[in-house]
Amino acid sequence: NAGVTQTPKFRVLKTGQSMTLLCAQDMNHEYMYWYRQDPGMGLRLIHYSVGEGTTAKGEVPDGYNVSRLKKQNFLLGLESAAPSQTSVYFCASSGGVVGNNEQFFGPGTRLTVL
Amino acid sequence: AQKVTQAQTEISVVEKEDVTLDCVYETRDTTYYLFWYKQPPSGELVFLIRRNSFDEQNEISGRYSWNFQKSTSSFNFTITASQVVDSAVYFCALATGGGADGLTFGKGTHLIIQP
């Protein structure tokens, strides 16, 4: 049982390049989330999904797209990376609403955009 | 809109001292959930506690204790007899309603325990 895994762990991009971050969970969770963590800012919600085939915007969705084609995977895409997207990205999942269920976090992906 | 404020950016204490991390939240919802997470230097997020708005009982878990006061919209975290291993960034977070749309985090408090 791996829990929540994120691929890759580190990545360096040039401005304008695109990439996809993969989040996978093996706990059969319905809810999945993408957060970004910037120094002094805490974690902020980018997008989330309450089930396969569904996605919704969080607090800071601009510049990102997501897809949840399979229940176990939640992909975060950057179509044209900008230096402002340099951050640590965390994926999380929960079996239900976080009021009643623990939110499990992945180890994070450190992305640098030059 | 909801908001979580952790006014203490950094706290430094000597080992074995008690330390309290403050958390003040804002929400108009009557049903909400409060959380504390620990982020050690290794970077992962470790869940510490979840508390719902209908349960104002304080909680103790070993050296950790939490004081939830709705009257002041605060959910403070105390570490008793701190240890070097407690050094980390601690985040307070809020979820409203059922919490389907994730957590709102505070900016975190960096706790340094000096030997």
# chains A, B, ... in the order shown; residues from 1 in each chain; ligands from 1

call {"tool": "closest_atom_pairs", "arguments": {"of": "chain A", "to": "chain B", "cutoff": "10 Å", "atoms": "only C-alpha atoms", "output": "CSV"}}
result
residue,atom,partner,partner_atom,distance
A:Tyr31,CA,B:Ala100,CA,7.6
A:Met32,CA,B:Gly102,CA,8.8
A:Tyr33,CA,B:Gly102,CA,7.0
A:Trp34,CA,B:Gly102,CA,9.2
A:Tyr35,CA,B:Gly102,CA,9.3
A:Gln37,CA,B:Lys107,CA,9.5
A:Asp38,CA,B:Lys107,CA,9.3
A:Pro39,CA,B:Lys107,CA,8.7
A:Gly40,CA,B:Lys107,CA,5.8
A:Met41,CA,B:Lys107,CA,4.8
A:Gly42,CA,B:Lys107,CA,4.0
A:Leu43,CA,B:Phe105,CA,5.8
A:Arg44,CA,B:Phe105,CA,6.9
A:Leu45,CA,B:Gly102,CA,7.1
A:Ile46,CA,B:Gly102,CA,9.8
A:His47,CA,B:Asp101,CA,8.8
A:Tyr48,CA,B:Asp101,CA,6.8
A:Ser49,CA,B:Asp101,CA,8.3
A:Val50,CA,B:Ala100,CA,7.1
A:Ala56,CA,B:Asp101,CA,8.4
A:Lys57,CA,B:Asp101,CA,8.9
A:Gly58,CA,B:Asp101,CA,7.4
A:Glu59,CA,B:Thr104,CA,9.0
A:Val88,CA,B:Gly43,CA,9.6
A:Phe90,CA,B:Glu44,CA,9.1
A:Ala92,CA,B:Gly102,CA,9.3
A:Ser93,CA,B:Gly102,CA,9.6
A:Ser94,CA,B:Ala100,CA,9.4
A:Gly96,CA,B:Ala100,CA,7.5
A:Val97,CA,B:Ala100,CA,4.6
A:Val98,CA,B:Gly99,CA,5.0
A:Gly99,CA,B:Gly98,CA,5.4
A:Asn100,CA,B:Gly98,CA,7.8
A:Asn101,CA,B:Arg50,CA,9.1
A:Glu102,CA,B:Phe47,CA,7.9
A:Gln103,CA,B:Phe47,CA,8.0
A:Phe104,CA,B:Phe47,CA,8.0
A:Phe105,CA,B:Leu45,CA,6.4
A:Gly106,CA,B:Glu44,CA,7.4
A:Pro107,CA,B:Glu44,CA,5.3
A:Gly108,CA,B:Glu44,CA,7.2

call {"tool": "residues_around", "arguments": {"residues": "Ser84 of chain A", "least_positions_apart": "3", "cutoff": "10 Å", "atoms": "only C-alpha atoms", "output": "VMD selection string"}}
result
chain A and resid 15 38 63 81 87 112 to 114

call {"tool": "write_last_selection", "arguments": {"atoms": "N, CA, C and O atoms", "output": "PDB file, in the first residue's frame"}}
result
ATOM      1  N   THR A  15      10.825  28.709 -19.089  1.00  0.00           N
ATOM      2  CA  THR A  15       9.594  29.455 -19.330  1.00  0.00           C
ATOM      3  C   THR A  15       8.997  29.059 -20.675  1.00  0.00           C
ATOM      4  O   THR A  15       9.704  29.004 -21.687  1.00  0.00           O
ATOM      5  N   ASP A  38       4.228  27.784  -1.355  1.00  0.00           N
ATOM      6  CA  ASP A  38       5.244  28.803  -1.599  1.00  0.00           C
ATOM      7  C   ASP A  38       5.761  29.305  -0.262  1.00  0.00           C
ATOM      8  O   ASP A  38       5.024  29.316   0.727  1.00  0.00           O
ATOM      9  N   GLY A  63      -3.537  29.141 -14.934  1.00  0.00           N
ATOM     10  CA  GLY A  63      -2.281  28.622 -15.464  1.00  0.00           C
ATOM     11  C   GLY A  63      -2.149  27.115 -15.342  1.00  0.00           C
ATOM     12  O   GLY A  63      -1.147  26.550 -15.779  1.00  0.00           O
ATOM     13  N   ALA A  81       4.667  27.064 -18.841  1.00  0.00           N
ATOM     14  CA  ALA A  81       5.161  27.365 -17.500  1.00  0.00           C
ATOM     15  C   ALA A  81       5.720  28.780 -17.390  1.00  0.00           C
ATOM     16  O   ALA A  81       6.339  29.309 -18.329  1.00  0.00           O
ATOM     17  N   SER A  87       7.382  26.303  -7.410  1.00  0.00           N
ATOM     18  CA  SER A  87       6.704  26.001  -6.157  1.00  0.00           C
ATOM     19  C   SER A  87       6.920  24.535  -5.818  1.00  0.00           C
ATOM     20  O   SER A  87       7.502  23.767  -6.589  1.00  0.00           O
ATOM     21  N   THR A 112      10.868  23.972 -10.523  1.00  0.00           N
ATOM     22  CA  THR A 112      11.525  25.259 -10.740  1.00  0.00           C
ATOM     23  C   THR A 112      11.341  25.652 -12.198  1.00  0.00           C
ATOM     24  O   THR A 112      11.607  24.845 -13.092  1.00  0.00           O
ATOM     25  N   VAL A 113      10.872  26.872 -12.411  1.00  0.00           N
ATOM     26  CA  VAL A 113      10.700  27.383 -13.775  1.00  0.00           C
ATOM     27  C   VAL A 113      11.676  28.536 -13.970  1.00  0.00           C
ATOM     28  O   VAL A 113      11.606  29.542 -13.265  1.00  0.00           O
ATOM     29  N   LEU A 114      12.571  28.359 -14.918  1.00  0.00           N
ATOM     30  CA  LEU A 114      13.621  29.370 -15.155  1.00  0.00           C
ATOM     31  C   LEU A 114      13.197  30.374 -16.214  1.00  0.00           C
ATOM     32  O   LEU A 114      12.380  30.062 -17.087  1.00  0.00           O
TER      33      LEU A 114
END

call {"tool": "select_by_dssp", "arguments": {"residues": "chain B", "states": "strand (DSSP E)", "output": "ChimeraX atom specification"}}
result
/B:3-5,10-14,19-21,24-26,32-39,46-52,59-61,64-69,74-79,88-96,104-105,109-114
